[in-house]
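Written below as structure tokens is the structure these notes are about.
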Amino acid sequence: MSTEEYRPLLEPDGDAQKEQQYFNNVCNRNLYLATFAAVLGPLSFGFVLGYSSPAIPELEANSNPYLKLDTTQASWFGSLVTIGAAVGGIIGGWIVDKIGRKPSLMICAFPYVSGFMMIIAAQNVWMLYGGRVLTGLASGVTSLVVPVYISETAHPKVRGLLGSSVQLMVVTGIMGAYVGGMVLPWYWLAVVSSLPPTIMVALMCFMPETPRYLLSVNKCAEALQVLAWLRGPEVDSEWECRQIEASCDEQDTKFSLSELKNPAIYKPVLIGIFLMLFQQLSGINAVMFYAETIFEQANFENSSEGTVIVGGVQVVFTAVAALIMDKAGRKLLLAISALIMSISAAVFGVYFKIWQAHINNSSLHKTDILTAHNLVSEAISAPTWLPLVCLVVFIAGFALGCGPIPWLVMSEIFPVRARGLASGACVIANWLTAFLVTKEFQDLVENITQYGTFWLFSSFCFMNLLFTIFFVPETKGKTLEQIEAHFKATA
């Protein structure tokens with residue numbers, strides 16, 4: 001929805017001009033500092049996600065029989081994080097409203113550090129599993145709390161930039177784990193991975209609670225002090241405080257599940273959940289699964305170099321998305337991202353269709369599928385450059401929109417008193433879908449073939465495109481109160 005469509009619903013032109021002047025005079029230095037402290041949580045989250053890639057090969061080759069992983073155990077070591085994160089979404093959705101945004105984020109540091117310490121001190125595979133569950137638990141809470149913290153401290157001029165920095169720090173952490181894994185053994189990599197959450201909790205001690213949460217619990221004087229610190233001395237923070245307070249006054253009752261019948265509540269909740277579902281159903285984890293094979297086909301001598309390239313592509317395009325988010329808008333970037341991913345996944349399917357045709361025409365019907373793949377690629381002039389290009393384009397498309405925007409939109413569209421519960425539902429949907437896609441991917445390949453699987457992912461990306469066009473509102477340049485008023489007006 002355009003600014004012109006919002007304005008008659010929400011405020012007269014005079015107030016709009018005053019708001020524009022107010023935010024133009026804001027000093028963002030302290031806001032950037034608070035955001036930096038908060039996004040060390042997503043950086044830790046990224047290290048958790050990236051840790052399994054370099055650690056699993058070492059643990060599979062471990063000389064210690066008690067810590068040596070077989071194929072099944074390695075699969076669980078990688079995927080248990082998603083189970084822990086889903087549980088973290090449940091816990092985070094409760095504590096973020098009970099104790100506040102800042103304490104919830106600080107608490108995350110303890111399972112992060114404890115989980116990595118358990119991995120370092122592991123005497124058996126179950127301790128490795130326990131460490132992964134704990135770090136996953138912290139990741140689930142972090143993925144919920146940090147977007148909410150940033151959205152409630154930022155103002156509309158920079159909320160897209162700062163909100164997108166969450167995903168930027170996640171992919172930076174993933175790349176950090178990849179690079180660290182090239183030079184460090186798995187236990188020293190765990191030590192390095194525990195540093196970001198340690199620094200985060202130290203810095204967050206000096207950062208404020210969000211003004212919206214403070215006003216929701218009737219701490220008006222403290223909220224005004226926080227706004228004055230976040231916005232600088234050149235603006236009248238009392239004006240913004242009154243705007244937020246008016247919204248909080250309308251929601252001074254406790255949220256109850258019966259209110260989910262209200263379109264102003266269930267519409268943003270459904271939008272948030274579907275964005276999370278489409279993010280994982282896009283097949284991003286499946287594409288990453290094939291990354292090593294694709295780089296080997298492209299004659300990369302060291303597949304770890306390929307993973308660093310993947311990490312680099314993610315970081316660059318997520319940074320691009322962050323820089324243009326507040327100019328291009330969420331809806332446009334999300335639509336472009338879904339279209340790019342749909343096309344590249346479809347071409348992936350074409351490639352695997354060609355590959356399957358080669359195998360069917362060969363005498364390798366009964367051999368291992370990856371062995372057949374490599375032999376056929378050597379023997380036949382199959383387009384080995386095609387999956388490599390598709391991989392880079394697919395990941396770039398994901399980083400441009402489908403990666404960062406669902407988390408950003410989730411933090412923007414929920415009313416403050418339902419924000420914890422609604423965000424928790426989105427996080428749970430995201431991580432449970434991630435777990436199912438990861439664990440069931442091989443079954444999909446066996447039942448509908450490789451090309452059928454990627455065409456299925458392409459169709460989900462196209463459905464995401466349609467969903468974005470018809471149902472996702474544009475939120476750039478709008479205060480959280482204006483976004484909330486939009487859903488009330490369309491209820």
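Ordering of the structure tokens sets the chain letters (A, B, ...), residue numbers begin anew at 1 in every chain, and ligands are numbered from 1 in the order given.
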Near A:Trp455, within 9 Å and counting only C-alpha atoms, which residues show up once chain neighbours fewer than 5 positions away are dropped, as JSON, numbers by chain? {"A": [342, 345, 346, 347, 348, 349, 350, 450, 460]}
Let me see the file: selected residues, all heavy atoms, as a JSON list (two decimals), in the first residue's frame.
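Output below, filename result.json:
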[["chain", "number", "residue", "atom", "x", "y", "z"],
["A", 342, "SER", "N", 12.34, -18.73, -8.06],
["A", 342, "SER", "CA", 11.47, -19.63, -8.81],
["A", 342, "SER", "C", 12.11, -20.03, -10.14],
["A", 342, "SER", "O", 12.13, -21.21, -10.51],
["A", 342, "SER", "CB", 10.11, -18.97, -9.06],
["A", 342, "SER", "OG", 9.25, -19.82, -9.76],
["A", 345, "ALA", "N", 15.37, -22.21, -9.49],
["A", 345, "ALA", "CA", 15.03, -23.57, -9.05],
["A", 345, "ALA", "C", 14.45, -24.38, -10.20],
["A", 345, "ALA", "O", 14.72, -25.59, -10.32],
["A", 345, "ALA", "CB", 14.03, -23.51, -7.90],
["A", 346, "ALA", "N", 13.68, -23.73, -11.08],
["A", 346, "ALA", "CA", 13.14, -24.43, -12.25],
["A", 346, "ALA", "C", 14.27, -24.87, -13.18],
["A", 346, "ALA", "O", 14.25, -25.99, -13.72],
["A", 346, "ALA", "CB", 12.17, -23.52, -13.00],
["A", 347, "VAL", "N", 15.27, -23.99, -13.36],
["A", 347, "VAL", "CA", 16.41, -24.35, -14.21],
["A", 347, "VAL", "C", 17.23, -25.46, -13.55],
["A", 347, "VAL", "O", 17.75, -26.35, -14.23],
["A", 347, "VAL", "CB", 17.27, -23.11, -14.50],
["A", 347, "VAL", "CG1", 18.49, -23.49, -15.33],
["A", 347, "VAL", "CG2", 16.46, -22.05, -15.23],
["A", 348, "PHE", "N", 17.35, -25.43, -12.23],
["A", 348, "PHE", "CA", 17.96, -26.54, -11.51],
["A", 348, "PHE", "C", 17.27, -27.85, -11.89],
["A", 348, "PHE", "O", 17.91, -28.86, -12.16],
["A", 348, "PHE", "CB", 17.81, -26.34, -10.00],
["A", 348, "PHE", "CG", 19.11, -26.05, -9.29],
["A", 348, "PHE", "CD1", 19.26, -24.89, -8.54],
["A", 348, "PHE", "CD2", 20.16, -26.94, -9.35],
["A", 348, "PHE", "CE1", 20.44, -24.62, -7.87],
["A", 348, "PHE", "CE2", 21.34, -26.69, -8.68],
["A", 348, "PHE", "CZ", 21.48, -25.52, -7.94],
["A", 349, "GLY", "N", 15.94, -27.82, -11.89],
["A", 349, "GLY", "CA", 15.18, -29.01, -12.25],
["A", 349, "GLY", "C", 15.47, -29.47, -13.67],
["A", 349, "GLY", "O", 15.60, -30.68, -13.93],
["A", 350, "VAL", "N", 15.61, -28.51, -14.61],
["A", 350, "VAL", "CA", 15.96, -28.85, -15.99],
["A", 350, "VAL", "C", 17.31, -29.55, -16.02],
["A", 350, "VAL", "O", 17.50, -30.56, -16.72],
["A", 350, "VAL", "CB", 15.97, -27.59, -16.86],
["A", 350, "VAL", "CG1", 16.55, -27.89, -18.24],
["A", 350, "VAL", "CG2", 14.56, -27.01, -16.99],
["A", 450, "GLN", "N", 15.03, -35.97, -8.53],
["A", 450, "GLN", "CA", 15.70, -34.70, -8.24],
["A", 450, "GLN", "C", 15.01, -33.54, -8.96],
["A", 450, "GLN", "O", 14.75, -32.49, -8.37],
["A", 450, "GLN", "CB", 17.18, -34.76, -8.68],
["A", 450, "GLN", "CG", 18.05, -35.63, -7.81],
["A", 450, "GLN", "CD", 18.05, -37.07, -8.30],
["A", 450, "GLN", "OE1", 17.26, -37.45, -9.16],
["A", 450, "GLN", "NE2", 18.94, -37.87, -7.74],
["A", 460, "PHE", "N", 6.73, -23.51, -5.13],
["A", 460, "PHE", "CA", 6.54, -22.82, -3.85],
["A", 460, "PHE", "C", 7.05, -21.38, -3.93],
["A", 460, "PHE", "O", 6.44, -20.47, -3.37],
["A", 460, "PHE", "CB", 7.25, -23.57, -2.72],
["A", 460, "PHE", "CG", 6.47, -24.74, -2.19],
["A", 460, "PHE", "CD1", 7.04, -26.02, -2.17],
["A", 460, "PHE", "CD2", 5.18, -24.59, -1.71],
["A", 460, "PHE", "CE1", 6.32, -27.10, -1.68],
["A", 460, "PHE", "CE2", 4.46, -25.66, -1.21],
["A", 460, "PHE", "CZ", 5.03, -26.93, -1.20]]
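Among the candidates A:Pro404, A:Pro65, A:Gly89, A:Gly420, the residue lying nearest to A:Leu162 is A:Pro404 (atoms considered: only C-alpha atoms).
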Residue nearest A:Leu203 among A:Ser79, A:Thr35, A:Ser344, A:Ser237 (counting only C-alpha atoms):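 Looking at the shortest contact to A:Leu203, the residue is A:Thr35.
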If we count only C-alpha atoms, what is near A:Ser44 at a cut-off of 12 Å, once residues fewer than 3 positions away on the same chain are taken out, given as a PDB file with N, CA, C and O atoms, in the first residue's frame?
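Below you can see part29.pdb, which holds the result:
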ATOM      1  N   ALA A  37      24.920  -3.938  19.354  1.00  0.00           N
ATOM      2  CA  ALA A  37      24.949  -4.856  20.494  1.00  0.00           C
ATOM      3  C   ALA A  37      23.937  -5.984  20.308  1.00  0.00           C
ATOM      4  O   ALA A  37      24.225  -7.152  20.573  1.00  0.00           O
ATOM      5  N   ALA A  38      22.743  -5.641  19.807  1.00  0.00           N
ATOM      6  CA  ALA A  38      21.694  -6.646  19.643  1.00  0.00           C
ATOM      7  C   ALA A  38      22.026  -7.649  18.545  1.00  0.00           C
ATOM      8  O   ALA A  38      21.772  -8.854  18.705  1.00  0.00           O
ATOM      9  N   VAL A  39      22.600  -7.186  17.420  1.00  0.00           N
ATOM     10  CA  VAL A  39      22.828  -8.099  16.298  1.00  0.00           C
ATOM     11  C   VAL A  39      24.026  -9.009  16.516  1.00  0.00           C
ATOM     12  O   VAL A  39      24.301  -9.885  15.687  1.00  0.00           O
ATOM     13  N   LEU A  40      24.742  -8.861  17.624  1.00  0.00           N
ATOM     14  CA  LEU A  40      25.730  -9.880  17.975  1.00  0.00           C
ATOM     15  C   LEU A  40      25.032 -11.200  18.292  1.00  0.00           C
ATOM     16  O   LEU A  40      25.636 -12.270  18.203  1.00  0.00           O
ATOM     17  N   GLY A  41      23.730 -11.129  18.644  1.00  0.00           N
ATOM     18  CA  GLY A  41      22.940 -12.346  18.824  1.00  0.00           C
ATOM     19  C   GLY A  41      22.767 -13.099  17.518  1.00  0.00           C
ATOM     20  O   GLY A  41      23.076 -14.294  17.440  1.00  0.00           O
ATOM     21  N   PHE A  47      26.978 -18.430  13.527  1.00  0.00           N
ATOM     22  CA  PHE A  47      28.046 -19.374  13.865  1.00  0.00           C
ATOM     23  C   PHE A  47      27.481 -20.751  14.192  1.00  0.00           C
ATOM     24  O   PHE A  47      28.070 -21.776  13.840  1.00  0.00           O
ATOM     25  N   VAL A  48      26.320 -20.776  14.862  1.00  0.00           N
ATOM     26  CA  VAL A  48      25.677 -22.056  15.179  1.00  0.00           C
ATOM     27  C   VAL A  48      25.291 -22.795  13.900  1.00  0.00           C
ATOM     28  O   VAL A  48      25.551 -23.988  13.744  1.00  0.00           O
ATOM     29  N   LEU A  49      24.657 -22.070  12.958  1.00  0.00           N
ATOM     30  CA  LEU A  49      24.228 -22.690  11.712  1.00  0.00           C
ATOM     31  C   LEU A  49      25.411 -23.155  10.872  1.00  0.00           C
ATOM     32  O   LEU A  49      25.371 -24.230  10.266  1.00  0.00           O
ATOM     33  N   GLY A  50      26.460 -22.326  10.820  1.00  0.00           N
ATOM     34  CA  GLY A  50      27.611 -22.666   9.984  1.00  0.00           C
ATOM     35  C   GLY A  50      28.552 -23.676  10.604  1.00  0.00           C
ATOM     36  O   GLY A  50      29.344 -24.306   9.886  1.00  0.00           O
ATOM     37  N   TYR A  51      28.467 -23.863  11.908  1.00  0.00           N
ATOM     38  CA  TYR A  51      29.430 -24.718  12.619  1.00  0.00           C
ATOM     39  C   TYR A  51      29.413 -26.159  12.117  1.00  0.00           C
ATOM     40  O   TYR A  51      30.473 -26.795  11.996  1.00  0.00           O
ATOM     41  N   LEU A 105      17.033 -11.122  25.472  1.00  0.00           N
ATOM     42  CA  LEU A 105      18.210 -11.231  24.616  1.00  0.00           C
ATOM     43  C   LEU A 105      19.455 -11.577  25.420  1.00  0.00           C
ATOM     44  O   LEU A 105      20.276 -12.399  24.997  1.00  0.00           O
ATOM     45  N   CYS A 108      19.865 -15.228  26.307  1.00  0.00           N
ATOM     46  CA  CYS A 108      20.295 -16.118  25.213  1.00  0.00           C
ATOM     47  C   CYS A 108      21.775 -16.466  25.278  1.00  0.00           C
ATOM     48  O   CYS A 108      22.186 -17.533  24.793  1.00  0.00           O
ATOM     49  N   ALA A 109      22.583 -15.578  25.836  1.00  0.00           N
ATOM     50  CA  ALA A 109      24.027 -15.815  25.862  1.00  0.00           C
ATOM     51  C   ALA A 109      24.381 -17.088  26.622  1.00  0.00           C
ATOM     52  O   ALA A 109      25.344 -17.784  26.264  1.00  0.00           O
ATOM     53  N   PHE A 110      23.613 -17.418  27.644  1.00  0.00           N
ATOM     54  CA  PHE A 110      23.969 -18.561  28.483  1.00  0.00           C
ATOM     55  C   PHE A 110      23.802 -19.903  27.767  1.00  0.00           C
ATOM     56  O   PHE A 110      24.724 -20.727  27.802  1.00  0.00           O
ATOM     57  N   PRO A 111      22.684 -20.182  27.082  1.00  0.00           N
ATOM     58  CA  PRO A 111      22.637 -21.437  26.316  1.00  0.00           C
ATOM     59  C   PRO A 111      23.599 -21.457  25.134  1.00  0.00           C
ATOM     60  O   PRO A 111      24.096 -22.533  24.764  1.00  0.00           O
ATOM     61  N   TYR A 112      23.891 -20.289  24.546  1.00  0.00           N
ATOM     62  CA  TYR A 112      24.905 -20.260  23.489  1.00  0.00           C
ATOM     63  C   TYR A 112      26.241 -20.767  24.020  1.00  0.00           C
ATOM     64  O   TYR A 112      26.837 -21.716  23.485  1.00  0.00           O
ATOM     65  N   VAL A 113      26.719 -20.117  25.072  1.00  0.00           N
ATOM     66  CA  VAL A 113      28.033 -20.451  25.610  1.00  0.00           C
ATOM     67  C   VAL A 113      28.026 -21.855  26.214  1.00  0.00           C
ATOM     68  O   VAL A 113      28.958 -22.652  25.984  1.00  0.00           O
ATOM     69  N   GLY A 115      26.169 -24.375  25.406  1.00  0.00           N
ATOM     70  CA  GLY A 115      26.107 -25.367  24.336  1.00  0.00           C
ATOM     71  C   GLY A 115      27.458 -25.606  23.702  1.00  0.00           C
ATOM     72  O   GLY A 115      27.865 -26.762  23.485  1.00  0.00           O
ATOM     73  N   PHE A 116      28.173 -24.532  23.394  1.00  0.00           N
ATOM     74  CA  PHE A 116      29.499 -24.706  22.791  1.00  0.00           C
ATOM     75  C   PHE A 116      30.489 -25.323  23.785  1.00  0.00           C
ATOM     76  O   PHE A 116      31.349 -26.118  23.402  1.00  0.00           O
ATOM     77  N   THR A 135      22.480 -24.701  21.765  1.00  0.00           N
ATOM     78  CA  THR A 135      22.764 -23.571  20.877  1.00  0.00           C
ATOM     79  C   THR A 135      21.578 -23.303  19.945  1.00  0.00           C
ATOM     80  O   THR A 135      21.306 -22.150  19.592  1.00  0.00           O
ATOM     81  N   GLY A 136      20.855 -24.362  19.569  1.00  0.00           N
ATOM     82  CA  GLY A 136      19.642 -24.167  18.775  1.00  0.00           C
ATOM     83  C   GLY A 136      18.566 -23.450  19.555  1.00  0.00           C
ATOM     84  O   GLY A 136      17.862 -22.583  19.024  1.00  0.00           O
ATOM     85  N   ALA A 138      19.009 -21.290  21.983  1.00  0.00           N
ATOM     86  CA  ALA A 138      19.388 -19.870  22.018  1.00  0.00           C
ATOM     87  C   ALA A 138      19.121 -19.196  20.676  1.00  0.00           C
ATOM     88  O   ALA A 138      18.688 -18.042  20.622  1.00  0.00           O
ATOM     89  N   SER A 139      19.361 -19.926  19.585  1.00  0.00           N
ATOM     90  CA  SER A 139      19.131 -19.366  18.250  1.00  0.00           C
ATOM     91  C   SER A 139      17.656 -19.067  18.026  1.00  0.00           C
ATOM     92  O   SER A 139      17.305 -18.046  17.423  1.00  0.00           O
ATOM     93  N   GLY A 140      16.787 -19.953  18.511  1.00  0.00           N
ATOM     94  CA  GLY A 140      15.351 -19.728  18.358  1.00  0.00           C
ATOM     95  C   GLY A 140      14.883 -18.494  19.093  1.00  0.00           C
ATOM     96  O   GLY A 140      14.085 -17.700  18.564  1.00  0.00           O
ATOM     97  N   VAL A 141      15.362 -18.313  20.327  1.00  0.00           N
ATOM     98  CA  VAL A 141      14.997 -17.123  21.092  1.00  0.00           C
ATOM     99  C   VAL A 141      15.556 -15.869  20.420  1.00  0.00           C
ATOM    100  O   VAL A 141      14.867 -14.852  20.283  1.00  0.00           O
ATOM    101  N   THR A 142      16.807 -15.961  19.979  1.00  0.00           N
ATOM    102  CA  THR A 142      17.449 -14.819  19.326  1.00  0.00           C
ATOM    103  C   THR A 142      16.705 -14.399  18.066  1.00  0.00           C
ATOM    104  O   THR A 142      16.488 -13.204  17.822  1.00  0.00           O
ATOM    105  N   SER A 143      16.322 -15.386  17.242  1.00  0.00           N
ATOM    106  CA  SER A 143      15.664 -15.072  15.974  1.00  0.00           C
ATOM    107  C   SER A 143      14.316 -14.400  16.192  1.00  0.00           C
ATOM    108  O   SER A 143      13.807 -13.726  15.299  1.00  0.00           O
ATOM    109  N   VAL A 146      15.540 -10.421  18.669  1.00  0.00           N
ATOM    110  CA  VAL A 146      16.330  -9.345  18.066  1.00  0.00           C
ATOM    111  C   VAL A 146      15.527  -8.535  17.048  1.00  0.00           C
ATOM    112  O   VAL A 146      15.563  -7.291  17.084  1.00  0.00           O
ATOM    113  N   VAL A 166      19.871  -7.952  10.734  1.00  0.00           N
ATOM    114  CA  VAL A 166      19.743  -9.227  11.448  1.00  0.00           C
ATOM    115  C   VAL A 166      20.196 -10.371  10.546  1.00  0.00           C
ATOM    116  O   VAL A 166      21.061 -11.166  10.907  1.00  0.00           O
ATOM    117  N   GLN A 167      19.612 -10.460   9.336  1.00  0.00           N
ATOM    118  CA  GLN A 167      19.989 -11.520   8.412  1.00  0.00           C
ATOM    119  C   GLN A 167      21.422 -11.348   7.929  1.00  0.00           C
ATOM    120  O   GLN A 167      22.139 -12.335   7.705  1.00  0.00           O
ATOM    121  N   LEU A 168      21.871 -10.099   7.783  1.00  0.00           N
ATOM    122  CA  LEU A 168      23.252  -9.848   7.375  1.00  0.00           C
ATOM    123  C   LEU A 168      24.222 -10.437   8.385  1.00  0.00           C
ATOM    124  O   LEU A 168      25.228 -11.066   8.012  1.00  0.00           O
ATOM    125  N   MET A 169      23.934 -10.256   9.666  1.00  0.00           N
ATOM    126  CA  MET A 169      24.823 -10.804  10.689  1.00  0.00           C
ATOM    127  C   MET A 169      24.725 -12.325  10.767  1.00  0.00           C
ATOM    128  O   MET A 169      25.712 -13.007  11.070  1.00  0.00           O
ATOM    129  N   VAL A 170      23.548 -12.888  10.471  1.00  0.00           N
ATOM    130  CA  VAL A 170      23.425 -14.350  10.430  1.00  0.00           C
ATOM    131  C   VAL A 170      24.343 -14.930   9.360  1.00  0.00           C
ATOM    132  O   VAL A 170      25.122 -15.853   9.628  1.00  0.00           O
ATOM    133  N   VAL A 171      24.274 -14.382   8.131  1.00  0.00           N
ATOM    134  CA  VAL A 171      25.096 -14.933   7.048  1.00  0.00           C
ATOM    135  C   VAL A 171      26.573 -14.606   7.265  1.00  0.00           C
ATOM    136  O   VAL A 171      27.452 -15.362   6.836  1.00  0.00           O
ATOM    137  N   THR A 172      26.864 -13.487   7.949  1.00  0.00           N
ATOM    138  CA  THR A 172      28.255 -13.194   8.301  1.00  0.00           C
ATOM    139  C   THR A 172      28.783 -14.225   9.277  1.00  0.00           C
ATOM    140  O   THR A 172      29.932 -14.695   9.162  1.00  0.00           O
ATOM    141  N   GLY A 173      27.950 -14.622  10.245  1.00  0.00           N
ATOM    142  CA  GLY A 173      28.342 -15.675  11.179  1.00  0.00           C
ATOM    143  C   GLY A 173      28.547 -17.001  10.485  1.00  0.00           C
ATOM    144  O   GLY A 173      29.496 -17.748  10.800  1.00  0.00           O
ATOM    145  N   ILE A 174      27.676 -17.331   9.526  1.00  0.00           N
ATOM    146  CA  ILE A 174      27.835 -18.578   8.767  1.00  0.00           C
ATOM    147  C   ILE A 174      29.154 -18.577   8.019  1.00  0.00           C
ATOM    148  O   ILE A 174      29.917 -19.546   8.051  1.00  0.00           O
ATOM    149  N   MET A 175      29.438 -17.448   7.350  1.00  0.00           N
ATOM    150  CA  MET A 175      30.690 -17.354   6.609  1.00  0.00           C
ATOM    151  C   MET A 175      31.885 -17.403   7.557  1.00  0.00           C
ATOM    152  O   MET A 175      32.920 -18.007   7.247  1.00  0.00           O
ATOM    153  N   GLY A 176      31.746 -16.770   8.740  1.00  0.00           N
ATOM    154  CA  GLY A 176      32.819 -16.822   9.733  1.00  0.00           C
ATOM    155  C   GLY A 176      33.112 -18.241  10.162  1.00  0.00           C
ATOM    156  O   GLY A 176      34.282 -18.625  10.333  1.00  0.00           O
ATOM    157  N   ALA A 177      32.059 -19.054  10.326  1.00  0.00           N
ATOM    158  CA  ALA A 177      32.254 -20.456  10.699  1.00  0.00           C
ATOM    159  C   ALA A 177      32.927 -21.227   9.568  1.00  0.00           C
ATOM    160  O   ALA A 177      33.792 -22.077   9.807  1.00  0.00           O
ATOM    161  N   ALA A 190      34.588 -24.168  18.094  1.00  0.00           N
ATOM    162  CA  ALA A 190      33.534 -24.004  19.098  1.00  0.00           C
ATOM    163  C   ALA A 190      33.899 -22.904  20.092  1.00  0.00           C
ATOM    164  O   ALA A 190      33.027 -22.137  20.532  1.00  0.00           O
ATOM    165  N   VAL A 191      35.168 -22.806  20.447  1.00  0.00           N
ATOM    166  CA  VAL A 191      35.617 -21.740  21.359  1.00  0.00           C
ATOM    167  C   VAL A 191      35.400 -20.377  20.715  1.00  0.00           C
ATOM    168  O   VAL A 191      34.851 -19.449  21.329  1.00  0.00           O
ATOM    169  N   VAL A 192      35.816 -20.247  19.453  1.00  0.00           N
ATOM    170  CA  VAL A 192      35.647 -18.974  18.736  1.00  0.00           C
ATOM    171  C   VAL A 192      34.165 -18.633  18.608  1.00  0.00           C
ATOM    172  O   VAL A 192      33.762 -17.467  18.757  1.00  0.00           O
ATOM    173  N   SER A 193      33.331 -19.642  18.355  1.00  0.00           N
ATOM    174  CA  SER A 193      31.899 -19.417  18.174  1.00  0.00           C
ATOM    175  C   SER A 193      31.216 -18.935  19.447  1.00  0.00           C
ATOM    176  O   SER A 193      30.129 -18.336  19.386  1.00  0.00           O
ATOM    177  N   SER A 194      31.825 -19.195  20.596  1.00  0.00           N
ATOM    178  CA  SER A 194      31.227 -18.760  21.866  1.00  0.00           C
ATOM    179  C   SER A 194      31.581 -17.313  22.218  1.00  0.00           C
ATOM    180  O   SER A 194      31.047 -16.760  23.184  1.00  0.00           O
ATOM    181  N   LEU A 195      32.462 -16.681  21.443  1.00  0.00           N
ATOM    182  CA  LEU A 195      32.867 -15.311  21.748  1.00  0.00           C
ATOM    183  C   LEU A 195      31.782 -14.270  21.454  1.00  0.00           C
ATOM    184  O   LEU A 195      31.548 -13.378  22.281  1.00  0.00           O
ATOM    185  N   PRO A 196      31.105 -14.313  20.273  1.00  0.00           N
ATOM    186  CA  PRO A 196      30.081 -13.288  20.011  1.00  0.00           C
ATOM    187  C   PRO A 196      28.992 -13.187  21.071  1.00  0.00           C
ATOM    188  O   PRO A 196      28.652 -12.069  21.490  1.00  0.00           O
ATOM    189  N   PRO A 197      28.414 -14.316  21.570  1.00  0.00           N
ATOM    190  CA  PRO A 197      27.391 -14.148  22.612  1.00  0.00           C
ATOM    191  C   PRO A 197      27.950 -13.594  23.917  1.00  0.00           C
ATOM    192  O   PRO A 197      27.242 -12.893  24.653  1.00  0.00           O
ATOM    193  N   THR A 198      29.222 -13.884  24.206  1.00  0.00           N
ATOM    194  CA  THR A 198      29.852 -13.342  25.412  1.00  0.00           C
ATOM    195  C   THR A 198      29.975 -11.821  25.313  1.00  0.00           C
ATOM    196  O   THR A 198      29.668 -11.086  26.269  1.00  0.00           O
ATOM    197  N   ILE A 199      30.411 -11.345  24.149  1.00  0.00           N
ATOM    198  CA  ILE A 199      30.519  -9.901  23.929  1.00  0.00           C
ATOM    199  C   ILE A 199      29.134  -9.260  23.934  1.00  0.00           C
ATOM    200  O   ILE A 199      28.940  -8.161  24.470  1.00  0.00           O
ATOM    201  N   MET A 200      28.147  -9.965  23.356  1.00  0.00           N
ATOM    202  CA  MET A 200      26.793  -9.428  23.293  1.00  0.00           C
ATOM    203  C   MET A 200      26.230  -9.138  24.676  1.00  0.00           C
ATOM    204  O   MET A 200      25.698  -8.049  24.933  1.00  0.00           O
ATOM    205  N   VAL A 201      26.328 -10.103  25.586  1.00  0.00           N
ATOM    206  CA  VAL A 201      25.735  -9.916  26.909  1.00  0.00           C
ATOM    207  C   VAL A 201      26.445  -8.790  27.654  1.00  0.00           C
ATOM    208  O   VAL A 201      25.814  -8.051  28.424  1.00  0.00           O
TER     209      VAL A 201
END
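For stretch 394-402 of chain A, the residues within 6 Å (counting only C-alpha atoms, excluding itself and residues fewer than 4 positions away along the chain) are Gln279, Gln314, Phe317, Thr318, Ala321, Leu333, Leu334, Ser337, Ile340, Met341, Ser344 and Cys390 of chain A.
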Identify which of the residues A:Ala202, A:Val158, A:Val183, A:Cys426 lies closest to A:Gly329, counting only C-alpha atoms when measuring atom-to-atom distances.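 Comparing A:Ala202, A:Val158, A:Val183, A:Cys426 against A:Gly329, the winner is A:Val158.
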